[in-house]
Structure formats: structure tokens, C-alpha cells
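Asker: One file is attached below, data20.tsv, containing TSV, C-alpha atoms.
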```
chain	number	residue	atom	x	y	z
A	1055	MET	CA	93.65	117.09	143.06
A	1056	GLY	CA	93.79	113.33	143.37
A	1057	ASN	CA	90.59	112.98	141.35
A	1058	VAL	CA	92.00	115.20	138.60
A	1059	LEU	CA	95.21	113.14	138.39
A	1060	GLY	CA	93.15	109.96	138.38
A	1061	CYS	CA	91.03	111.25	135.48
A	1062	VAL	CA	94.15	112.27	133.54
A	1063	ALA	CA	95.79	108.88	134.14
A	1064	ALA	CA	92.60	107.07	133.11
A	1065	GLY	CA	92.39	109.18	129.95
A	1066	LEU	CA	95.99	108.51	129.03
A	1067	GLY	CA	95.53	104.82	129.72
A	1068	TRP	CA	92.47	104.70	127.48
A	1069	CYS	CA	94.37	106.48	124.68
A	1070	CYS	CA	97.30	104.07	124.96
A	1071	CYS	CA	95.06	101.00	124.98
A	1072	THR	CA	93.13	102.32	121.98
A	1073	ALA	CA	96.35	103.01	120.07
A	1074	VAL	CA	97.78	99.56	120.87
A	1075	GLY	CA	94.52	97.90	119.88
A	1076	SER	CA	94.47	99.81	116.60
A	1077	LEU	CA	98.08	98.83	115.89
A	1078	ILE	CA	97.44	95.16	116.60
A	1079	SER	CA	94.30	95.23	114.48
A	1080	SER	CA	96.22	96.83	111.62
A	1081	CYS	CA	99.05	94.31	111.80
A	1082	CYS	CA	97.12	91.15	112.63
A	1083	GLY	CA	93.48	91.70	111.86
A	1084	ASN	CA	91.28	91.62	108.79
A	1085	ASP	CA	88.65	94.27	108.17
A	1086	LYS	CA	87.18	92.87	104.94
A	1087	ASN	CA	84.79	90.09	104.15
A	1088	SER	CA	86.27	87.02	102.49
A	1089	THR	CA	84.09	87.69	99.43
A	1090	VAL	CA	85.93	90.97	98.71
A	1091	PRO	CA	88.67	90.34	96.11
A	1092	PRO	CA	92.23	90.92	97.39
A	1093	GLY	CA	94.13	93.99	96.22
A	1094	ALA	CA	97.77	94.43	95.25
A	1095	THR	CA	98.74	95.32	98.82
A	1096	SER	CA	96.83	92.54	100.55
A	1097	GLY	CA	98.78	91.21	103.55
A	1098	ARG	CA	101.93	93.13	102.66
A	1099	LYS	CA	102.35	95.09	105.89
A	1100	ARG	CA	101.71	92.02	108.01
A	1101	SER	CA	104.32	90.12	106.01
A	1102	VAL	CA	106.78	92.93	106.67
A	1103	LEU	CA	106.09	92.68	110.39
A	1104	LEU	CA	106.74	88.93	110.26
A	1105	LEU	CA	110.04	89.53	108.46
A	1106	MET	CA	111.05	92.01	111.14
A	1107	ILE	CA	110.24	89.41	113.79
A	1108	SER	CA	112.37	86.87	111.94
A	1109	ILE	CA	115.33	89.30	111.85
A	1110	VAL	CA	115.08	89.72	115.63
A	1111	PHE	CA	114.98	85.96	116.17
A	1112	ALA	CA	117.94	85.46	113.83
A	1113	MET	CA	120.04	88.00	115.74
A	1114	VAL	CA	119.13	86.41	119.08
A	1115	PHE	CA	119.92	82.90	117.84
A	1116	GLN	CA	123.25	83.95	116.29
A	1117	TYR	CA	124.66	86.10	119.08
A	1118	VAL	CA	122.91	84.84	122.23
A	1119	VAL	CA	121.54	81.30	121.97
A	1120	GLY	CA	124.10	79.67	119.67
A	1121	PRO	CA	127.28	80.77	121.50
A	1122	ARG	CA	125.83	79.72	124.87
A	1123	LEU	CA	125.22	76.11	123.83
A	1124	LYS	CA	128.61	74.63	124.70
A	1125	PRO	CA	129.87	71.05	124.37
A	1126	ASN	CA	130.21	70.67	128.15
A	1127	TYR	CA	126.41	70.82	128.36
A	1128	ARG	CA	126.50	67.19	127.25
A	1129	ASN	CA	127.63	66.28	130.73
A	1130	LYS	CA	124.89	68.22	132.47
A	1131	ILE	CA	122.01	66.52	134.22
A	1132	ASN	CA	119.43	68.47	132.17
A	1133	PRO	CA	118.76	66.23	129.12
A	1134	VAL	CA	117.15	69.10	127.14
A	1135	LEU	CA	120.31	71.23	127.28
A	1136	ALA	CA	122.41	68.19	126.42
A	1137	TYR	CA	120.27	67.45	123.37
A	1138	LEU	CA	120.24	71.09	122.20
A	1139	ALA	CA	124.03	71.30	122.55
A	1140	ASP	CA	124.42	68.18	120.40
A	1141	ALA	CA	121.89	69.44	117.84
A	1142	TRP	CA	123.38	72.93	117.44
A	1143	ILE	CA	127.04	71.82	117.45
A	1144	ASP	CA	126.36	68.90	115.09
A	1145	GLY	CA	128.57	69.20	112.01
A	1146	CYS	CA	130.72	72.01	113.43
A	1147	GLU	CA	133.64	69.62	113.96
A	1148	GLU	CA	134.74	69.98	110.32
A	1149	PHE	CA	135.12	73.75	110.74
A	1150	VAL	CA	137.14	73.74	113.98
A	1151	ASP	CA	140.38	72.23	115.23
A	1152	ASP	CA	140.39	68.77	116.74
A	1153	ASP	CA	142.11	70.11	119.82
A	1154	GLU	CA	139.37	71.48	122.07
A	1155	SER	CA	141.97	73.29	124.15
A	1156	SER	CA	143.23	75.37	121.21
A	1157	GLU	CA	142.76	79.13	121.24
A	1158	ASP	CA	140.43	79.32	118.22
A	1159	TYR	CA	138.33	76.24	119.00
A	1160	ASP	CA	135.69	77.90	121.16
A	1161	ASN	CA	135.45	81.00	118.96
A	1162	LEU	CA	134.91	78.97	115.77
A	1163	ARG	CA	132.43	76.68	117.48
A	1164	GLN	CA	130.38	79.66	118.68
A	1165	LYS	CA	130.28	81.14	115.19
A	1166	CYS	CA	129.29	77.80	113.68
A	1167	SER	CA	126.42	77.18	116.10
A	1168	GLY	CA	125.33	80.82	115.80
A	1169	ASN	CA	125.23	80.63	112.01
A	1170	ASN	CA	123.15	77.48	112.18
A	1171	GLY	CA	120.75	79.36	114.45
A	1172	VAL	CA	120.24	81.87	111.62
A	1173	TYR	CA	119.57	79.02	109.20
A	1174	ARG	CA	116.84	77.77	111.54
A	1175	VAL	CA	114.99	81.09	111.47
A	1176	ALA	CA	115.53	81.58	107.74
A	1177	GLY	CA	114.36	78.04	107.04
A	1178	SER	CA	111.22	78.64	109.08
A	1179	ALA	CA	110.50	81.85	107.16
A	1180	LEU	CA	111.09	80.08	103.84
A	1181	LEU	CA	108.70	77.26	104.71
A	1182	PHE	CA	106.13	79.73	106.07
A	1183	PHE	CA	106.01	81.83	102.90
A	1184	ILE	CA	105.88	78.72	100.71
A	1185	LEU	CA	102.84	77.55	102.67
A	1186	THR	CA	101.18	80.97	102.50
A	1187	ALA	CA	101.88	81.18	98.75
A	1188	VAL	CA	100.21	77.82	98.22
A	1189	ALA	CA	97.27	78.92	100.38
A	1190	ALA	CA	96.94	82.17	98.39
A	1191	CYS	CA	96.90	80.20	95.12
A	1192	CYS	CA	94.09	78.01	96.43
A	1193	LYS	CA	92.21	80.90	98.06
A	1194	PRO	CA	93.23	84.41	96.94
A	1195	THR	CA	91.90	86.10	100.08
A	1196	ALA	CA	94.01	83.86	102.35
A	1197	ASN	CA	96.91	86.32	102.21
A	1198	ARG	CA	95.00	88.84	104.33
A	1199	GLU	CA	93.17	86.45	106.65
A	1200	ALA	CA	94.01	84.68	109.92
A	1201	TRP	CA	97.23	86.58	110.58
A	1202	PRO	CA	97.23	85.92	114.34
A	1203	ALA	CA	97.20	82.20	113.55
A	1204	LYS	CA	99.94	82.72	110.98
A	1205	TYR	CA	102.18	84.42	113.53
A	1206	VAL	CA	101.60	81.52	115.92
A	1207	LEU	CA	102.41	79.06	113.12
A	1208	PHE	CA	105.66	80.89	112.39
A	1209	LEU	CA	106.69	80.81	116.05
A	1210	LEU	CA	105.88	77.10	116.21
A	1211	LEU	CA	108.05	76.49	113.13
A	1212	ILE	CA	110.98	78.30	114.77
A	1213	THR	CA	110.46	76.35	117.99
A	1214	GLY	CA	110.44	73.07	116.08
A	1215	THR	CA	113.69	73.81	114.24
A	1216	VAL	CA	115.48	74.41	117.54
A	1217	PHE	CA	115.40	70.64	118.18
A	1218	ILE	CA	116.53	69.56	114.69
A	1219	PRO	CA	120.27	68.70	114.35
A	1220	ASN	CA	122.39	70.78	111.98
A	1221	GLU	CA	123.25	67.89	109.68
A	1222	PRO	CA	122.20	67.55	106.95
A	1223	LEU	CA	119.31	70.04	106.76
A	1224	PHE	CA	120.89	73.27	107.98
A	1225	SER	CA	124.68	72.94	107.51
A	1226	SER	CA	124.49	71.45	104.04
A	1227	ILE	CA	121.16	71.89	102.26
A	1228	LEU	CA	119.75	75.19	103.52
A	1229	MET	CA	123.16	76.86	103.74
A	1230	ASN	CA	123.71	76.42	99.99
A	1231	ILE	CA	120.13	77.45	99.20
A	1232	PHE	CA	120.56	80.65	101.22
A	1233	ARG	CA	123.86	81.41	99.49
A	1234	ILE	CA	121.98	81.55	96.19
A	1235	GLY	CA	119.15	83.45	97.85
A	1236	GLY	CA	121.63	85.97	99.24
A	1237	VAL	CA	122.87	86.83	95.74
A	1238	ILE	CA	119.29	87.22	94.51
A	1239	PHE	CA	118.46	89.42	97.50
A	1240	MET	CA	121.43	91.72	96.83
A	1241	ILE	CA	120.20	92.26	93.26
A	1242	PHE	CA	116.63	92.76	94.47
A	1243	ASN	CA	117.79	95.18	97.16
A	1244	GLN	CA	119.49	97.33	94.52
A	1245	LEU	CA	116.19	97.53	92.62
A	1246	ILE	CA	114.46	98.57	95.84
A	1247	LEU	CA	117.15	101.17	96.45
A	1248	LEU	CA	116.75	102.52	92.92
A	1249	ASP	CA	113.00	102.80	93.32
A	1250	MET	CA	113.33	104.50	96.70
A	1251	THR	CA	115.95	107.02	95.58
A	1252	PHE	CA	114.07	107.87	92.37
A	1253	ASN	CA	110.93	108.50	94.40
A	1254	VAL	CA	112.75	110.63	96.96
A	1255	ASN	CA	114.54	112.54	94.19
A	1256	GLU	CA	111.30	113.30	92.33
A	1257	SER	CA	109.47	114.16	95.54
A	1258	TRP	CA	112.09	116.69	96.65
A	1259	VAL	CA	112.32	118.23	93.18
A	1260	ALA	CA	108.53	118.50	93.02
A	1261	LYS	CA	108.46	120.18	96.44
A	1262	GLY	CA	111.13	122.60	95.30
A	1263	ASP	CA	109.17	123.44	92.14
A	1264	GLN	CA	106.00	123.89	94.17
A	1265	ALA	CA	107.80	126.18	96.62
A	1266	GLU	CA	109.00	128.28	93.68
A	1267	LEU	CA	105.41	128.65	92.50
A	1268	ASP	CA	103.85	129.30	95.92
A	1269	GLU	CA	106.52	131.40	97.64
A	1270	GLY	CA	108.39	132.98	94.77
A	1271	GLU	CA	111.70	132.53	93.00
A	1272	GLY	CA	114.43	131.05	95.17
A	1273	ALA	CA	112.09	129.44	97.69
A	1274	GLY	CA	112.80	125.95	96.36
A	1275	LYS	CA	116.56	126.20	96.82
A	1276	LYS	CA	116.34	124.53	100.22
A	1277	TRP	CA	114.98	121.34	98.64
A	1278	PHE	CA	117.46	121.38	95.76
A	1279	GLY	CA	120.29	122.19	98.16
A	1280	ALA	CA	119.32	119.33	100.49
A	1281	LEU	CA	119.25	116.94	97.54
A	1282	LEU	CA	122.65	118.03	96.26
A	1283	ALA	CA	124.12	117.94	99.79
A	1284	THR	CA	122.87	114.36	100.28
A	1285	CYS	CA	124.39	113.32	96.96
A	1286	ALA	CA	127.70	114.97	97.86
A	1287	LEU	CA	127.70	113.24	101.24
A	1288	LEU	CA	127.10	109.80	99.67
A	1289	TYR	CA	129.84	110.29	97.09
A	1290	LEU	CA	132.26	111.64	99.69
A	1291	ALA	CA	131.58	108.67	101.98
A	1292	SER	CA	132.09	106.26	99.07
A	1293	PHE	CA	135.41	107.80	97.97
A	1294	VAL	CA	136.71	107.98	101.55
A	1295	ALA	CA	135.72	104.35	102.20
A	1296	ILE	CA	137.39	103.21	98.97
A	1297	GLY	CA	140.54	105.14	99.91
A	1298	LEU	CA	140.59	103.47	103.33
A	1299	MET	CA	140.12	100.05	101.73
A	1300	TYR	CA	143.06	100.75	99.40
A	1301	TYR	CA	145.14	101.51	102.49
A	1302	PHE	CA	144.05	98.62	104.74
A	1303	PHE	CA	142.92	95.83	102.39
A	1304	SER	CA	145.15	96.11	99.29
A	1305	GLY	CA	147.79	93.62	100.38
A	1306	CYS	CA	146.79	91.08	97.72
A	1307	GLY	CA	145.75	91.22	94.07
A	1308	THR	CA	142.18	90.04	94.59
A	1309	ASN	CA	141.23	92.84	96.97
A	1310	THR	CA	142.98	95.47	94.87
A	1311	ALA	CA	141.13	94.29	91.76
A	1312	PHE	CA	137.74	94.39	93.52
A	1313	ILE	CA	138.37	97.87	94.90
A	1314	THR	CA	139.54	99.23	91.53
A	1315	ILE	CA	136.64	97.70	89.62
A	1316	THR	CA	134.11	99.13	92.09
A	1317	LEU	CA	135.65	102.60	91.77
A	1318	ILE	CA	135.75	102.56	87.97
A	1319	VAL	CA	132.28	101.07	87.53
A	1320	GLY	CA	130.82	103.54	90.04
A	1321	ILE	CA	132.23	106.55	88.20
A	1322	VAL	CA	131.37	105.25	84.71
A	1323	SER	CA	127.82	104.19	85.66
A	1324	THR	CA	127.19	107.62	87.18
A	1325	GLY	CA	128.26	109.30	83.95
A	1326	ILE	CA	126.14	106.98	81.82
A	1327	GLN	CA	123.10	107.34	84.06
A	1328	LEU	CA	123.24	111.13	83.97
A	1329	THR	CA	123.02	111.11	80.17
A	1330	GLY	CA	119.49	109.63	80.29
A	1331	GLU	CA	116.26	111.57	79.96
A	1332	GLU	CA	115.24	110.92	83.56
A	1333	ALA	CA	118.62	111.31	85.20
A	1334	SER	CA	118.92	111.13	88.97
A	1335	LEU	CA	122.21	111.94	90.63
A	1336	PHE	CA	120.74	110.85	93.96
A	1337	ALA	CA	120.03	107.34	92.64
A	1338	SER	CA	123.55	107.08	91.21
A	1339	ALA	CA	125.08	108.22	94.49
A	1340	ALA	CA	123.01	105.74	96.50
A	1341	ILE	CA	123.92	102.79	94.26
A	1342	PHE	CA	127.59	103.78	94.37
A	1343	ALA	CA	127.45	103.90	98.17
A	1344	TYR	CA	125.67	100.52	98.30
A	1345	SER	CA	128.29	99.00	95.99
A	1346	THR	CA	130.99	100.36	98.29
A	1347	PHE	CA	129.28	98.67	101.24
A	1348	LEU	CA	129.17	95.34	99.36
A	1349	LEU	CA	132.85	95.81	98.51
A	1350	TYR	CA	133.70	96.29	102.18
A	1351	THR	CA	131.81	93.16	103.22
A	1352	ALA	CA	133.68	91.20	100.53
A	1353	VAL	CA	137.23	92.33	101.31
A	1354	SER	CA	136.67	92.09	105.07
A	1355	LYS	CA	135.80	88.39	104.60
A	1356	ASN	CA	138.93	87.54	102.63
A	1357	PRO	CA	140.58	84.53	104.38
A	1358	ASN	CA	144.07	85.80	103.48
A	1359	ASP	CA	145.45	87.54	106.56
A	1360	GLU	CA	148.02	89.40	104.45
A	1361	CYS	CA	145.30	91.65	103.00
A	1362	ASN	CA	142.62	91.43	105.69
A	1363	PRO	CA	143.56	93.02	109.01
A	1364	GLN	CA	140.06	92.23	110.35
A	1365	LEU	CA	140.40	88.47	109.88
A	1366	GLY	CA	139.00	86.67	112.92
A	1367	GLU	CA	137.35	89.79	114.34
A	1368	GLU	CA	133.62	90.48	114.63
A	1369	ASN	CA	132.68	92.93	111.88
A	1370	VAL	CA	130.29	95.10	113.91
A	1371	LEU	CA	130.12	97.86	111.29
A	1372	GLY	CA	129.22	95.42	108.53
A	1373	ILE	CA	126.54	93.80	110.69
A	1374	VAL	CA	124.92	97.13	111.61
A	1375	LEU	CA	124.96	98.41	108.03
A	1376	GLY	CA	123.68	95.11	106.64
A	1377	VAL	CA	120.77	94.85	109.06
A	1378	GLY	CA	119.94	98.53	108.58
A	1379	LEU	CA	119.87	98.29	104.78
A	1380	THR	CA	117.82	95.10	104.95
A	1381	MET	CA	115.22	96.74	107.18
A	1382	ILE	CA	115.06	99.81	104.95
A	1383	GLY	CA	114.50	97.64	101.89
A	1384	VAL	CA	111.83	95.51	103.56
A	1385	LEU	CA	110.00	98.53	104.98
A	1386	TRP	CA	110.06	100.33	101.63
A	1387	THR	CA	108.68	97.24	99.90
A	1388	GLY	CA	105.83	97.04	102.38
A	1389	TYR	CA	104.90	100.69	102.68
A	1390	SER	CA	105.92	102.51	99.50
A	1391	LYS	CA	103.25	103.83	97.18
A	1392	THR	CA	105.21	102.67	94.14
A	1393	ALA	CA	104.99	99.06	95.32
A	1394	TYR	CA	101.19	99.35	95.29
A	1395	ARG	CA	101.07	99.56	91.51
A	1396	ALA	CA	100.48	96.39	89.57
A	1397	VAL	CA	103.10	95.35	87.01
A	1398	GLY	CA	102.33	96.93	83.66
A	1399	GLU	CA	99.79	99.36	85.10
A	1400	GLU	CA	99.94	102.69	83.25
A	1401	ASP	CA	97.45	104.59	85.39
A	1402	ASP	CA	98.81	106.45	88.38
A	1403	ALA	CA	95.82	105.33	90.46
A	1404	VAL	CA	96.16	102.10	92.40
A	1405	ASN	CA	93.92	99.79	94.33
A	1406	ASP	CA	94.32	100.78	97.97
A	1407	ASP	CA	93.62	97.53	99.74
A	1408	GLU	CA	94.30	99.04	103.16
A	1409	SER	CA	91.51	101.64	102.84
A	1410	GLY	CA	88.16	100.83	104.24
A	1411	ASP	CA	86.14	101.75	101.15
A	1412	GLY	CA	88.27	99.78	98.70
A	1413	GLY	CA	88.53	102.89	96.54
A	1414	ARG	CA	91.28	104.22	94.38
A	1415	ALA	CA	94.14	106.15	95.92
A	1416	PRO	CA	96.35	108.46	93.91
A	1417	ASN	CA	99.97	107.55	93.44
A	1418	THR	CA	102.28	110.15	94.90
A	1419	ARG	CA	105.03	109.56	92.37
A	1420	VAL	CA	105.65	112.63	90.24
A	1421	THR	CA	106.46	112.26	86.58
A	1422	GLY	CA	106.78	114.64	83.68
A	1423	GLU	CA	109.35	116.52	81.67
A	1424	GLU	CA	109.12	119.56	83.91
A	1425	ASN	CA	110.65	117.58	86.79
A	1426	TYR	CA	114.33	116.87	86.61
A	1427	GLY	CA	116.87	114.97	88.71
A	1428	ALA	CA	119.40	116.66	90.88
```
Just give me the structure of the file as C-alpha cells.
Answerer:
Amino acid sequence: MGNVLGCVAAGLGWCCCTAVGSLISSCCGNDKNSTVPPGATSGRKRSVLLLMISIVFAMVFQYVVGPRLKPNYRNKINPVLAYLADAWIDGCEEFVDDDESSEDYDNLRQKCSGNNGVYRVAGSALLFFILTAVAACCKPTANREAWPAKYVLFLLLITGTVFIPNEPLFSSILMNIFRIGGVIFMIFNQLILLDMTFNVNESWVAKGDQAELDEGEGAGKKWFGALLATCALLYLASFVAIGLMYYFFSGCGTNTAFITITLIVGIVSTGIQLTGEEASLFASAAIFAYSTFLLYTAVSKNPNDECNPQLGEENVLGIVLGVGLTMIGVLWTGYSKTAYRAVGEEDDAVNDDESGDGGRAPNTRVTGEENYGA
């Protein structure tokens, strides 16, 4: 019996090690010779993994490391902690009260140092991708090569920024750069959301049509029903959220105007979008829901306490939704079949760089007049 259990354990261990090795090879390795031209998807999945790592580091720096670096560390014997406290709190004095004994002093200081921790990770990612872009311009195959070394380089960049004071690099320069980048990302994320919802819409409709052909009339209703139910759920959530924001955040004209504009534009844009030849109610519902989320993040950050009951509180819901939507967008960009197509390419076949034979893989996106949006 012991021998049997030992054999089973050894077999399971071998399977796990093989799976882990395959995963690491897929994320970090390179299975092509440097003379093979890079495809449209070269290095994309490994870049996505690096972005996921950067999100984890940013969360740790903002909510764990930054708040724990307190001014009283300056009096500690450990010179490293004293230096890190000075570096991470540098420049925060202009955002907090002069009285260190005040009630809000410690809370504001923690948020300031935590935010600067995020700027450190984001700055490292920005510098890393600039360097890799330059390397790819000089050597096109560089985007898929030496990824273990690239991960090490990224970690070294993050480690180096830990010791750099906030002023002027993080609190002034990078903060304003990332404000502009945040606006660009929100626009880009809407394009990703549109692409994802159009693909899901067409996929479900195609499966419903195929079920009608294979199993008979009425067999595809489950797909059409699921699509309509998802759309109804998104619209219901949006209208309920807007109603709640009217109730809790409409104490001033600015918030009321933002809420009203979002509601009107959401309804009008849905009507306009449905008049097109390739209408998709699912895409309209998703964009409306995303706009409602952006509206909530805006009104919940209003500094006027008369119309913001959450002023001074940690917006856990906004953080969870924001991180979740960011991860969905990044993962879709790295793994979607639509993203594999080159700009301007009319053929539905794409260069599958991840396949071993370098062949052509069919695009799963369904097009045609026979397919319609929900």
C-alpha cells in the first residue's frame, strides 16, 4: 500500500513540476530562433504578466509599505528605515496639517506616502517599456527574447526607486504625467471594452444560430436569452447606481450635472448605436455600465463634503472595481484573438506567433449579415 501511495505521489509531483515548467517556459522563455521574424503577438503575454506583477507591487506599496513608513522612524537606530521614511514622506508636508498631533495628520500622510509608492512602480514600468520599445526598434526580435532577464531588470528598477525621494521626480513630474496617462487609459479601456463586448456578442449569437441548425428550432434560445439577461442586468445595475448617486451625491450642482449628463448620454448613445447595421445591445450596456462606474469614482472624489458623504473614507468598492476592470482590459489585450490582427488587415487569418510552426491561425470573430446583435 505504501508503495502504491508513493507511486501516486511521485506521479502527481511529476505532473505538477511539468505543468509549472511549461507555464514558466510560456511566460518567460523563447522557443524561436532569433532569425525568425517576430509576429504581431510577439512578447504580448509576457508583457501582460509583467503588468500584473506591477499591479501587485503597486497595491503592496500603497496599502502596506507606504503607510508603515512613519516620521518617527527618523529617530530609530536603523539608518535604512530612517532614510526610507524621509524619502517616502518627502513633499507630503504641503498636503497635511502642520500640527502632527491633529486627527487627520497621520491619515493624510499615509495616503500621500502610499500614493508615491504607486508612482514608483508606475515609473519603473514606464521606463521599462520605453527601454524595451527602443530595443525592439533596434532589434525586432528583442521583444520576445531574454524575458527572465527583463523581469529581473524590472524588479531592480522598482528596488532602485524605493530609495529615491518623492521630490521632485514622483510628487511633481511623474504625478502629472500619470494624470494625463490616466485619461488616455480610460479612453483606451473603453475601446478594449467595445472590442470585448462585440466579440462576446457575436460569439453568443453565432452559437445560438449554430444550435438552431444542429439541434432544431428553439435550441439557440438559451444563448439569446443569456445575452439579453446580461444586457438587462447591466442596464438595471446602471440605473440603480445612478438613482443611488442622485440620492447620496446630489447635494451640489456639479455632481447633479455629472449624474444627469451620464444618464442622458447613456440613453441617447444606446439609441443611436442600435440604429447601426452592426448593432450590439450588449456593447451599449457595457459602455453605459462603465460610464456609470467612472461617474461614481468622480462624484466620490468631490472635495465638497456637502455632496460627498464618503469624503475622507477609503473607497473600497471603487478600488475593487477599478483593479478588476484594469485586469480584464489588460488580459483581453494580451489574449484576445482580435488583438492578433494587424491594423488594416482584411483577412481573417492572422500570424500566430505563439504556435510552434509559425503558421496561420483562423480568427474566431464571426462577421456577416446573417449574424445580428442582441
Asker: Env of stretch 1368-1383 of chain A: 10 Å cut, atoms = only C-alpha atoms, seq-sep filter 5 positions within chain, self excluded. Answer as a JSON list (two decimals) with C-alpha atoms, keeping the file's coordinate frame.
Answerer:
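And here's selection05.json as it stands now:
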```json
[["chain", "number", "residue", "atom", "x", "y", "z"],
["A", 1102, "VAL", "CA", 106.78, 92.93, 106.67],
["A", 1105, "LEU", "CA", 110.04, 89.53, 108.46],
["A", 1106, "MET", "CA", 111.05, 92.01, 111.14],
["A", 1109, "ILE", "CA", 115.33, 89.30, 111.85],
["A", 1113, "MET", "CA", 120.04, 88.00, 115.74],
["A", 1165, "LYS", "CA", 130.28, 81.14, 115.19],
["A", 1239, "PHE", "CA", 118.46, 89.42, 97.50],
["A", 1240, "MET", "CA", 121.43, 91.72, 96.83],
["A", 1242, "PHE", "CA", 116.63, 92.76, 94.47],
["A", 1243, "ASN", "CA", 117.79, 95.18, 97.16],
["A", 1244, "GLN", "CA", 119.49, 97.33, 94.52],
["A", 1245, "LEU", "CA", 116.19, 97.53, 92.62],
["A", 1246, "ILE", "CA", 114.46, 98.57, 95.84],
["A", 1247, "LEU", "CA", 117.15, 101.17, 96.45],
["A", 1250, "MET", "CA", 113.33, 104.50, 96.70],
["A", 1344, "TYR", "CA", 125.67, 100.52, 98.30],
["A", 1347, "PHE", "CA", 129.28, 98.67, 101.24],
["A", 1348, "LEU", "CA", 129.17, 95.34, 99.36],
["A", 1350, "TYR", "CA", 133.70, 96.29, 102.18],
["A", 1351, "THR", "CA", 131.81, 93.16, 103.22],
["A", 1354, "SER", "CA", 136.67, 92.09, 105.07],
["A", 1355, "LYS", "CA", 135.80, 88.39, 104.60],
["A", 1388, "GLY", "CA", 105.83, 97.04, 102.38]]
```
Asker: Which is closest to A:Lys1204 among A:Gly1320, A:Gly1325, A:Gly1305, A:Gly1097, if we use only C-alpha atoms?
Answerer: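 The closest residue to A:Lys1204 is A:Gly1097.
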Asker: Which of these residues is nearest to A:Ala1340, using all atoms listed in the file: A:Asn1358, A:Asn1161, A:Thr1284, A:Gln1327?
Answerer: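 Of all the options, A:Thr1284 lies closest to A:Ala1340.
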Asker: If you count all atoms listed in the file, which residues fall within 10 Å of A:Ala1179, apart from same-chain ones fewer than 3 positions away, as a list in words?
Answerer: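 The contact residues come out as Leu1104, Leu1105, Ser1108, Tyr1173, Arg1174, Val1175, Ala1176, Phe1182, Phe1183, Ile1184, Leu1185, Phe1208, Leu1209, Leu1211 and Ile1212 of chain A.
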Asker: Could the residues in this selection be written to a file with C-alpha atoms, as a compact mmCIF listing (two decimals), in the frame of the given file?
Answerer:
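Output file result20.txt is given in full below:
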```txt
# COMPACT_ATOMS: atom_id res chain seq x y z
CA LEU A 1104 106.74 88.93 110.26
CA LEU A 1105 110.04 89.53 108.46
CA SER A 1108 112.37 86.87 111.94
CA TYR A 1173 119.57 79.02 109.20
CA ARG A 1174 116.84 77.77 111.54
CA VAL A 1175 114.99 81.09 111.47
CA ALA A 1176 115.53 81.58 107.74
CA PHE A 1182 106.13 79.73 106.07
CA PHE A 1183 106.01 81.83 102.90
CA ILE A 1184 105.88 78.72 100.71
CA LEU A 1185 102.84 77.55 102.67
CA PHE A 1208 105.66 80.89 112.39
CA LEU A 1209 106.69 80.81 116.05
CA LEU A 1211 108.05 76.49 113.13
CA ILE A 1212 110.98 78.30 114.77
```
Asker: Need to verify the contact set: A:Met1229, 10 Å, all atoms listed in the file, exclusion of same-chain residues closer than 6 positions in sequence. Can you return it as a list in words?
Answerer: Asn1169, Asn1170, Val1172, Tyr1173, Ala1176, Gly1177, Pro1222, Leu1223 and Gly1235 of chain A
Asker: What is the atom CA of A:Glu1360-atom CA of A:Phe1312 distance in Å, reported with one decimal?
Answerer: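 Calculated distance between atom CA of A:Glu1360 and atom CA of A:Phe1312 is 15.8 Å.
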